[in-house]
file upload_9.txt (compact mmCIF, N, CA and C atoms)
# COMPACT_ATOMS: atom_id res chain seq x y z
N MET A 12 23.69 -4.08 31.20
CA MET A 12 22.88 -4.44 30.06
C MET A 12 23.12 -3.42 28.94
N GLU A 13 23.43 -3.93 27.77
CA GLU A 13 23.71 -3.06 26.63
C GLU A 13 22.44 -2.86 25.80
N ILE A 14 22.13 -1.64 25.51
CA ILE A 14 20.97 -1.33 24.67
C ILE A 14 21.48 -0.96 23.29
N LYS A 15 21.04 -1.70 22.31
CA LYS A 15 21.45 -1.42 20.94
C LYS A 15 20.59 -0.31 20.38
N ASN A 16 21.24 0.58 19.69
CA ASN A 16 20.55 1.70 19.09
C ASN A 16 19.98 1.26 17.74
N ARG A 17 18.68 1.03 17.69
CA ARG A 17 18.03 0.61 16.45
C ARG A 17 17.42 1.80 15.76
N LYS A 18 17.74 1.93 14.51
CA LYS A 18 17.17 3.00 13.73
C LYS A 18 15.83 2.54 13.18
N MET A 19 14.80 3.32 13.46
CA MET A 19 13.47 3.00 12.97
C MET A 19 13.42 3.21 11.46
N LYS A 20 12.82 2.27 10.76
CA LYS A 20 12.71 2.39 9.31
C LYS A 20 11.84 3.59 8.98
N GLN A 21 12.26 4.32 7.95
CA GLN A 21 11.51 5.47 7.48
C GLN A 21 10.99 5.20 6.09
N LEU A 22 9.88 5.80 5.79
CA LEU A 22 9.30 5.73 4.46
C LEU A 22 10.22 6.46 3.48
N THR A 23 10.42 5.88 2.30
CA THR A 23 11.28 6.51 1.29
C THR A 23 10.58 6.51 -0.06
N ILE A 24 11.22 7.15 -0.99
CA ILE A 24 10.69 7.23 -2.35
C ILE A 24 10.54 5.83 -2.97
N LYS A 25 11.41 4.89 -2.56
CA LYS A 25 11.37 3.53 -3.13
C LYS A 25 10.05 2.83 -2.85
N GLU A 26 9.47 3.05 -1.68
CA GLU A 26 8.22 2.38 -1.33
C GLU A 26 6.99 3.06 -1.96
N LEU A 27 7.09 4.33 -2.26
CA LEU A 27 5.93 5.05 -2.79
C LEU A 27 5.88 5.10 -4.32
N ALA A 28 7.03 5.14 -4.95
CA ALA A 28 7.10 5.33 -6.40
C ALA A 28 6.25 4.33 -7.21
N PRO A 29 6.25 3.02 -6.88
CA PRO A 29 5.47 2.10 -7.71
C PRO A 29 3.96 2.37 -7.70
N TYR A 30 3.46 3.00 -6.66
CA TYR A 30 2.02 3.28 -6.56
C TYR A 30 1.62 4.56 -7.29
N LEU A 31 2.55 5.44 -7.53
CA LEU A 31 2.26 6.79 -8.00
C LEU A 31 1.44 6.85 -9.30
N PRO A 32 1.73 6.03 -10.31
CA PRO A 32 0.96 6.14 -11.55
C PRO A 32 -0.52 5.76 -11.41
N TYR A 33 -0.89 5.15 -10.30
CA TYR A 33 -2.24 4.61 -10.15
C TYR A 33 -3.12 5.39 -9.18
N GLY A 34 -2.66 6.53 -8.69
CA GLY A 34 -3.49 7.34 -7.83
C GLY A 34 -3.36 6.99 -6.36
N LEU A 35 -2.27 7.38 -5.75
CA LEU A 35 -2.01 7.11 -4.34
C LEU A 35 -2.51 8.26 -3.48
N LYS A 36 -3.14 7.92 -2.37
CA LYS A 36 -3.55 8.92 -1.38
C LYS A 36 -2.67 8.73 -0.14
N CYS A 37 -2.45 9.83 0.56
CA CYS A 37 -1.66 9.74 1.79
C CYS A 37 -2.38 10.51 2.89
N GLN A 38 -2.04 10.13 4.11
CA GLN A 38 -2.57 10.80 5.28
C GLN A 38 -1.43 11.60 5.90
N VAL A 39 -1.70 12.86 6.19
CA VAL A 39 -0.69 13.73 6.77
C VAL A 39 -1.20 14.19 8.13
N GLN A 40 -0.37 14.00 9.14
CA GLN A 40 -0.69 14.48 10.48
C GLN A 40 -0.19 15.90 10.58
N GLY A 41 -1.06 16.83 10.95
CA GLY A 41 -0.68 18.23 11.01
C GLY A 41 -0.15 18.65 12.38
N TYR A 42 0.91 19.43 12.38
CA TYR A 42 1.47 19.99 13.60
C TYR A 42 1.76 21.46 13.34
N PHE A 43 1.40 22.30 14.27
CA PHE A 43 1.71 23.71 14.15
C PHE A 43 1.84 24.28 15.55
N LYS A 44 3.01 24.83 15.82
CA LYS A 44 3.27 25.41 17.15
C LYS A 44 2.90 24.45 18.27
N GLU A 45 3.45 23.24 18.18
CA GLU A 45 3.28 22.21 19.21
C GLU A 45 1.83 21.78 19.42
N ARG A 46 0.99 22.05 18.46
CA ARG A 46 -0.41 21.64 18.55
C ARG A 46 -0.71 20.66 17.43
N SER A 47 -1.34 19.58 17.77
CA SER A 47 -1.63 18.54 16.79
C SER A 47 -3.02 18.75 16.21
N TYR A 48 -3.14 18.46 14.92
CA TYR A 48 -4.42 18.57 14.23
C TYR A 48 -4.82 17.20 13.68
N GLU A 49 -6.08 17.05 13.36
CA GLU A 49 -6.57 15.79 12.79
C GLU A 49 -5.83 15.50 11.49
N PRO A 50 -5.60 14.22 11.21
CA PRO A 50 -4.96 13.86 9.94
C PRO A 50 -5.80 14.32 8.74
N ILE A 51 -5.11 14.74 7.70
CA ILE A 51 -5.75 15.19 6.46
C ILE A 51 -5.31 14.23 5.35
N ILE A 52 -6.22 13.96 4.44
CA ILE A 52 -5.91 13.06 3.32
C ILE A 52 -5.68 13.88 2.06
N PHE A 53 -4.57 13.59 1.37
CA PHE A 53 -4.20 14.27 0.14
C PHE A 53 -3.92 13.25 -0.96
N ASP A 54 -4.05 13.71 -2.21
CA ASP A 54 -3.60 12.92 -3.36
C ASP A 54 -2.11 13.19 -3.54
N VAL A 55 -1.34 12.14 -3.77
CA VAL A 55 0.08 12.30 -4.05
C VAL A 55 0.23 12.56 -5.54
N ILE A 56 0.93 13.64 -5.89
CA ILE A 56 1.09 13.98 -7.30
C ILE A 56 2.55 13.90 -7.76
N GLY A 57 3.47 13.77 -6.81
CA GLY A 57 4.87 13.67 -7.17
C GLY A 57 5.73 13.34 -5.97
N LEU A 58 6.97 12.97 -6.25
CA LEU A 58 7.90 12.60 -5.19
C LEU A 58 9.25 13.24 -5.45
N SER A 59 9.92 13.63 -4.41
CA SER A 59 11.31 14.06 -4.51
C SER A 59 12.08 13.26 -3.45
N LYS A 60 13.35 13.49 -3.34
CA LYS A 60 14.12 12.76 -2.33
C LYS A 60 13.73 13.15 -0.91
N ILE A 61 13.23 14.36 -0.75
CA ILE A 61 12.94 14.89 0.59
C ILE A 61 11.44 14.98 0.87
N TYR A 62 10.66 15.31 -0.14
CA TYR A 62 9.24 15.59 0.07
C TYR A 62 8.32 14.70 -0.75
N VAL A 63 7.12 14.52 -0.21
CA VAL A 63 6.00 13.96 -0.95
C VAL A 63 5.20 15.16 -1.42
N GLN A 64 5.00 15.25 -2.72
CA GLN A 64 4.26 16.38 -3.27
C GLN A 64 2.79 16.00 -3.36
N THR A 65 1.94 16.76 -2.69
CA THR A 65 0.51 16.50 -2.71
C THR A 65 -0.16 17.56 -3.57
N ASN A 66 -1.48 17.42 -3.71
CA ASN A 66 -2.21 18.40 -4.50
C ASN A 66 -2.31 19.76 -3.80
N SER A 67 -1.86 19.87 -2.56
CA SER A 67 -1.92 21.13 -1.84
C SER A 67 -0.58 21.61 -1.30
N ILE A 68 0.21 20.68 -0.75
CA ILE A 68 1.46 21.06 -0.08
C ILE A 68 2.52 19.99 -0.32
N ASP A 69 3.77 20.36 -0.08
CA ASP A 69 4.87 19.40 -0.06
C ASP A 69 5.13 19.04 1.39
N VAL A 70 5.23 17.74 1.66
CA VAL A 70 5.32 17.25 3.03
C VAL A 70 6.54 16.34 3.16
N PRO A 71 7.32 16.48 4.24
CA PRO A 71 8.44 15.56 4.44
C PRO A 71 7.92 14.13 4.65
N TYR A 72 8.68 13.15 4.20
CA TYR A 72 8.28 11.75 4.29
C TYR A 72 7.89 11.35 5.71
N ILE A 73 8.55 11.89 6.70
CA ILE A 73 8.30 11.49 8.09
C ILE A 73 6.87 11.84 8.53
N SER A 74 6.23 12.81 7.87
CA SER A 74 4.87 13.22 8.24
C SER A 74 3.78 12.54 7.41
N VAL A 75 4.18 11.67 6.49
CA VAL A 75 3.24 11.08 5.53
C VAL A 75 3.07 9.59 5.78
N LYS A 76 1.83 9.13 5.64
CA LYS A 76 1.54 7.70 5.64
C LYS A 76 0.65 7.41 4.44
N PRO A 77 1.13 6.58 3.50
CA PRO A 77 0.27 6.23 2.37
C PRO A 77 -0.93 5.42 2.86
N ILE A 78 -2.03 5.51 2.15
CA ILE A 78 -3.24 4.75 2.49
C ILE A 78 -3.27 3.54 1.57
N LEU A 79 -3.12 2.36 2.16
CA LEU A 79 -2.97 1.13 1.39
C LEU A 79 -3.93 0.04 1.89
N ARG A 80 -4.08 -0.98 1.06
CA ARG A 80 -4.86 -2.17 1.44
C ARG A 80 -3.89 -3.22 1.97
N PRO A 81 -4.20 -3.86 3.08
CA PRO A 81 -3.33 -4.95 3.56
C PRO A 81 -3.41 -6.16 2.62
N LEU A 82 -2.40 -7.01 2.68
CA LEU A 82 -2.42 -8.23 1.85
C LEU A 82 -3.67 -9.07 2.09
N SER A 83 -4.21 -9.00 3.30
CA SER A 83 -5.40 -9.80 3.61
C SER A 83 -6.60 -9.39 2.74
N ASP A 84 -6.58 -8.19 2.17
CA ASP A 84 -7.66 -7.77 1.27
C ASP A 84 -7.68 -8.59 -0.02
N LEU A 85 -6.60 -9.31 -0.29
CA LEU A 85 -6.58 -10.16 -1.48
C LEU A 85 -7.62 -11.27 -1.40
N TYR A 86 -8.15 -11.53 -0.20
CA TYR A 86 -9.20 -12.54 -0.04
C TYR A 86 -10.59 -11.98 -0.32
N LYS A 87 -10.70 -10.67 -0.43
CA LYS A 87 -12.01 -10.04 -0.65
C LYS A 87 -12.46 -10.26 -2.09
N ASP A 88 -13.76 -10.50 -2.25
CA ASP A 88 -14.31 -10.79 -3.58
C ASP A 88 -14.04 -9.69 -4.59
N GLU A 89 -14.14 -8.43 -4.17
CA GLU A 89 -13.93 -7.34 -5.12
C GLU A 89 -12.51 -7.36 -5.71
N ILE A 90 -11.53 -7.74 -4.90
CA ILE A 90 -10.14 -7.81 -5.37
C ILE A 90 -9.95 -9.06 -6.22
N LEU A 91 -10.45 -10.18 -5.74
CA LEU A 91 -10.34 -11.43 -6.50
C LEU A 91 -11.02 -11.32 -7.86
N ASN A 92 -12.15 -10.66 -7.90
CA ASN A 92 -12.85 -10.48 -9.18
C ASN A 92 -12.02 -9.67 -10.16
N GLU A 93 -11.33 -8.65 -9.66
CA GLU A 93 -10.48 -7.83 -10.53
C GLU A 93 -9.34 -8.68 -11.12
N PHE A 94 -8.74 -9.53 -10.29
CA PHE A 94 -7.69 -10.42 -10.79
C PHE A 94 -8.25 -11.42 -11.80
N TYR A 95 -9.43 -11.93 -11.54
CA TYR A 95 -10.05 -12.90 -12.45
C TYR A 95 -10.34 -12.26 -13.80
N ILE A 96 -10.87 -11.04 -13.78
CA ILE A 96 -11.18 -10.34 -15.03
C ILE A 96 -9.92 -10.17 -15.87
N ARG A 97 -8.82 -9.85 -15.23
CA ARG A 97 -7.58 -9.58 -15.98
C ARG A 97 -6.75 -10.82 -16.29
N PHE A 98 -6.76 -11.80 -15.37
CA PHE A 98 -5.81 -12.91 -15.52
C PHE A 98 -6.44 -14.29 -15.48
N GLY A 99 -7.75 -14.38 -15.39
CA GLY A 99 -8.38 -15.68 -15.20
C GLY A 99 -8.71 -16.42 -16.48
N GLY A 100 -8.13 -16.03 -17.59
CA GLY A 100 -8.45 -16.61 -18.88
C GLY A 100 -8.31 -18.12 -18.97
N GLY A 101 -7.35 -18.70 -18.25
CA GLY A 101 -7.13 -20.13 -18.34
C GLY A 101 -8.00 -20.94 -17.40
N PHE A 102 -8.82 -20.29 -16.61
CA PHE A 102 -9.66 -20.98 -15.64
C PHE A 102 -11.10 -21.06 -16.16
N THR A 103 -11.75 -22.17 -15.86
CA THR A 103 -13.11 -22.39 -16.35
C THR A 103 -14.13 -21.55 -15.61
N ASN A 104 -13.88 -21.24 -14.34
CA ASN A 104 -14.80 -20.37 -13.61
C ASN A 104 -14.06 -19.62 -12.51
N ILE A 105 -14.71 -18.64 -11.98
CA ILE A 105 -14.05 -17.78 -10.99
C ILE A 105 -13.74 -18.52 -9.69
N GLU A 106 -14.55 -19.49 -9.31
CA GLU A 106 -14.30 -20.22 -8.06
C GLU A 106 -12.99 -21.01 -8.13
N VAL A 107 -12.71 -21.61 -9.28
CA VAL A 107 -11.45 -22.35 -9.46
C VAL A 107 -10.28 -21.36 -9.41
N PHE A 108 -10.46 -20.20 -10.05
CA PHE A 108 -9.42 -19.18 -10.04
C PHE A 108 -9.17 -18.69 -8.60
N LYS A 109 -10.24 -18.39 -7.87
CA LYS A 109 -10.09 -17.90 -6.49
C LYS A 109 -9.33 -18.91 -5.64
N LYS A 110 -9.65 -20.19 -5.77
CA LYS A 110 -8.97 -21.24 -4.99
C LYS A 110 -7.48 -21.24 -5.32
N SER A 111 -7.15 -21.20 -6.60
CA SER A 111 -5.75 -21.20 -7.01
C SER A 111 -5.02 -19.96 -6.49
N PHE A 112 -5.66 -18.80 -6.61
CA PHE A 112 -5.09 -17.54 -6.16
C PHE A 112 -4.87 -17.56 -4.65
N GLN A 113 -5.87 -18.00 -3.90
CA GLN A 113 -5.77 -18.04 -2.45
C GLN A 113 -4.72 -19.05 -1.99
N ASP A 114 -4.57 -20.15 -2.70
CA ASP A 114 -3.51 -21.11 -2.36
C ASP A 114 -2.14 -20.45 -2.49
N SER A 115 -1.96 -19.59 -3.50
CA SER A 115 -0.70 -18.88 -3.67
C SER A 115 -0.43 -17.95 -2.50
N ILE A 116 -1.49 -17.32 -2.00
CA ILE A 116 -1.34 -16.43 -0.84
C ILE A 116 -0.91 -17.23 0.38
N VAL A 117 -1.60 -18.35 0.64
CA VAL A 117 -1.30 -19.18 1.81
C VAL A 117 0.12 -19.72 1.75
N LEU A 118 0.56 -20.10 0.57
CA LEU A 118 1.90 -20.67 0.43
C LEU A 118 2.99 -19.60 0.49
N GLY A 119 2.59 -18.34 0.53
CA GLY A 119 3.57 -17.26 0.63
C GLY A 119 4.28 -16.96 -0.66
N SER A 120 3.81 -17.51 -1.75
CA SER A 120 4.50 -17.31 -3.03
C SER A 120 3.94 -16.14 -3.81
N ILE A 121 2.98 -15.46 -3.26
CA ILE A 121 2.28 -14.41 -4.02
C ILE A 121 3.21 -13.31 -4.49
N LEU A 122 4.21 -12.95 -3.70
CA LEU A 122 5.08 -11.86 -4.09
C LEU A 122 6.36 -12.32 -4.78
N THR A 123 6.57 -13.62 -4.87
CA THR A 123 7.79 -14.10 -5.51
C THR A 123 7.53 -14.81 -6.82
N GLU A 124 6.34 -15.34 -7.01
CA GLU A 124 6.07 -16.12 -8.21
C GLU A 124 5.23 -15.41 -9.26
N PHE A 125 4.55 -14.35 -8.89
CA PHE A 125 3.69 -13.67 -9.85
C PHE A 125 4.51 -12.82 -10.80
N ASN A 126 4.02 -12.68 -12.01
CA ASN A 126 4.73 -11.90 -13.01
C ASN A 126 4.50 -10.40 -12.82
N TYR A 127 5.12 -9.63 -13.67
CA TYR A 127 5.06 -8.18 -13.54
C TYR A 127 3.63 -7.64 -13.63
N GLU A 128 2.82 -8.22 -14.50
CA GLU A 128 1.44 -7.75 -14.65
C GLU A 128 0.66 -7.89 -13.34
N TYR A 129 0.91 -8.98 -12.60
CA TYR A 129 0.26 -9.14 -11.30
C TYR A 129 0.73 -8.04 -10.34
N MET A 130 2.04 -7.82 -10.30
CA MET A 130 2.58 -6.81 -9.39
C MET A 130 2.04 -5.43 -9.75
N GLU A 131 1.92 -5.17 -11.03
CA GLU A 131 1.37 -3.89 -11.48
C GLU A 131 -0.06 -3.70 -10.96
N LEU A 132 -0.86 -4.77 -10.98
CA LEU A 132 -2.22 -4.69 -10.45
C LEU A 132 -2.21 -4.51 -8.93
N PHE A 133 -1.27 -5.14 -8.24
CA PHE A 133 -1.14 -4.91 -6.79
C PHE A 133 -0.96 -3.41 -6.52
N PHE A 134 -0.07 -2.78 -7.28
CA PHE A 134 0.18 -1.34 -7.08
C PHE A 134 -1.06 -0.53 -7.46
N GLU A 135 -1.72 -0.90 -8.54
CA GLU A 135 -2.93 -0.19 -8.96
C GLU A 135 -4.03 -0.26 -7.90
N LEU A 136 -4.16 -1.40 -7.26
CA LEU A 136 -5.17 -1.59 -6.22
C LEU A 136 -4.69 -1.13 -4.84
N ASN A 137 -3.48 -0.57 -4.80
CA ASN A 137 -2.87 -0.07 -3.56
C ASN A 137 -2.73 -1.16 -2.50
N ILE A 138 -2.30 -2.35 -2.92
CA ILE A 138 -2.02 -3.46 -2.01
C ILE A 138 -0.64 -3.21 -1.38
N ASP A 139 -0.55 -3.36 -0.09
CA ASP A 139 0.70 -3.11 0.64
C ASP A 139 1.68 -4.27 0.45
N VAL A 140 2.44 -4.23 -0.62
CA VAL A 140 3.38 -5.31 -0.91
C VAL A 140 4.68 -5.19 -0.12
N PHE A 141 4.92 -4.06 0.50
CA PHE A 141 6.17 -3.85 1.24
C PHE A 141 6.01 -4.01 2.75
N GLY A 142 4.82 -4.34 3.22
CA GLY A 142 4.60 -4.50 4.66
C GLY A 142 4.66 -3.20 5.43
N LEU A 143 4.28 -2.11 4.80
CA LEU A 143 4.36 -0.80 5.44
C LEU A 143 3.34 -0.63 6.56
N ILE A 144 2.18 -1.24 6.42
CA ILE A 144 1.15 -1.13 7.46
C ILE A 144 1.66 -1.75 8.76
N GLU A 145 2.26 -2.93 8.66
CA GLU A 145 2.80 -3.61 9.84
C GLU A 145 3.91 -2.82 10.51
N GLN A 146 4.64 -2.03 9.73
CA GLN A 146 5.73 -1.21 10.27
C GLN A 146 5.25 0.16 10.73
N ASN A 147 3.94 0.38 10.70
CA ASN A 147 3.32 1.65 11.08
C ASN A 147 3.79 2.81 10.19
N LEU A 148 4.10 2.49 8.93
CA LEU A 148 4.51 3.51 7.97
C LEU A 148 3.41 3.81 6.96
N ALA A 149 2.29 3.08 7.06
CA ALA A 149 1.15 3.29 6.17
C ALA A 149 -0.13 3.08 6.96
N VAL A 150 -1.22 3.58 6.41
CA VAL A 150 -2.53 3.45 7.03
C VAL A 150 -3.33 2.38 6.30
N ASP A 151 -3.95 1.49 7.04
CA ASP A 151 -4.83 0.47 6.48
C ASP A 151 -6.12 1.16 6.05
N ILE A 152 -6.45 1.09 4.79
CA ILE A 152 -7.65 1.75 4.27
C ILE A 152 -8.92 1.29 4.97
N ASN A 153 -8.90 0.07 5.49
CA ASN A 153 -10.07 -0.48 6.16
C ASN A 153 -10.32 0.13 7.54
N THR A 154 -9.34 0.89 8.07
CA THR A 154 -9.49 1.49 9.40
C THR A 154 -9.93 2.95 9.32
N LEU A 155 -9.99 3.51 8.14
CA LEU A 155 -10.41 4.91 8.00
C LEU A 155 -11.90 5.03 8.26
N ASN A 156 -12.28 6.14 8.85
CA ASN A 156 -13.70 6.45 9.13
C ASN A 156 -14.37 5.40 10.03
N LYS A 157 -13.62 4.85 10.96
CA LYS A 157 -14.22 3.89 11.90
C LYS A 157 -14.22 4.47 13.28
call {"tool": "encode", "arguments": {"input": "upload_9.txt", "output": "structure tokens"}}
result
Amino acid sequence: MEIKNRKMKQLTIKELAPYLPYGLKCQVQGYFKERSYEPIIFDVIGLSKIYVQTNSIDVPYISVKPILRPLSDLYKDEILNEFYIRFGGGFTNIEVFKKSFQDSIVLGSILTEFNYEYMELFFELNIDVFGLIEQNLAVDINTLNK
């Protein structure tokens, strides 16, 4: 039986850069002399090819997990209301807008048909548009403090 050597995907600057202007937080797992410490949350203030620059330390990408909202959070009223406030001008009421927006999510067209302004709001709201949570490269904000 042949075992294929699969390289695990790593977090890179490409996945973090779009979130940076809007205030991204990351979780860093601490290790020191083979001893593990509780994860610490930092604000990301910059990125380089090798490190994520936080408000306290520079951390290699492999030790960092951004804190993001899963796509399923797009069904939450607080998120839908934000989209309605910014983009619901052509709709007579928020319920009609929510139905149209949720239909786009169900049809899977949310990331291919929306314009740049929508994508910009996804990044501002820290929506995981790259599927990083599913790949265990990001932390679901809804699981913190549980």
call {"tool": "residues_around", "arguments": {"input": "upload_9.txt", "residues": "Tyr72 (chain A)", "least_positions_apart": "3", "cutoff": "7 Å", "atoms": "only C-alpha atoms", "output": "MDAnalysis selection string"}}
result
chainID A and resid 22:23 61:63 75
call {"tool": "atom_distance", "arguments": {"input": "upload_9.txt", "atom1": "CA of Ile51 (chain A)", "atom2": "CA of Phe134 (chain A)"}}
result
22.2 Å
call {"tool": "atom_distance", "arguments": {"input": "upload_9.txt", "atom1": "atom N of Val150 (chain A)", "atom2": "atom C of Asn92 (chain A)"}}
result
23.8 Å
call {"tool": "closest_residue", "arguments": {"input": "upload_9.txt", "among": "A:Lys25, A:Lys60, A:Lys20, A:Lys36", "to": "Ile78 (chain A)", "atoms": "only N, CA and C atoms"}}
result
A:Lys36
call {"tool": "atom_distance", "arguments": {"input": "upload_9.txt", "atom1": "CA of Thr154 (chain A)", "atom2": "CA of Ser59 (chain A)"}}
result
28.0 Å
call {"tool": "closest_residue", "arguments": {"input": "upload_9.txt", "among": "A:Ile138, A:Ile152, A:Leu35, A:Leu58", "to": "Tyr86 (chain A)", "atoms": "only C-alpha atoms"}}
result
A:Ile138
call {"tool": "residues_around", "arguments": {"input": "upload_9.txt", "residues": "Ser67 (chain A)", "least_positions_apart": "5", "cutoff": "10 Å", "atoms": "only C-alpha atoms", "output": "mmCIF file with N, CA and C atoms, keeping the file's coordinate frame"}}
result
data_model
loop_
_atom_site.group_PDB
_atom_site.id
_atom_site.type_symbol
_atom_site.label_atom_id
_atom_site.label_comp_id
_atom_site.auth_asym_id
_atom_site.auth_seq_id
_atom_site.Cartn_x
_atom_site.Cartn_y
_atom_site.Cartn_z
ATOM 1 N N PHE A 53 -4.570 13.590 1.370
ATOM 2 C CA PHE A 53 -4.200 14.270 0.140
ATOM 3 C C PHE A 53 -3.920 13.250 -0.960
ATOM 4 N N ASP A 54 -4.050 13.710 -2.210
ATOM 5 C CA ASP A 54 -3.600 12.920 -3.360
ATOM 6 C C ASP A 54 -2.110 13.190 -3.540
ATOM 7 N N VAL A 55 -1.340 12.140 -3.770
ATOM 8 C CA VAL A 55 0.080 12.300 -4.050
ATOM 9 C C VAL A 55 0.230 12.560 -5.540
ATOM 10 N N ILE A 56 0.930 13.640 -5.890
ATOM 11 C CA ILE A 56 1.090 13.980 -7.300
ATOM 12 C C ILE A 56 2.550 13.900 -7.760
#
call {"tool": "residues_around", "arguments": {"input": "upload_9.txt", "residues": "Pro81 (chain A)", "least_positions_apart": "3", "cutoff": "7 Å", "atoms": "only C-alpha atoms", "output": "list in words"}}
result
Asp84, Ile138, Asp139 and Asp151 of chain A
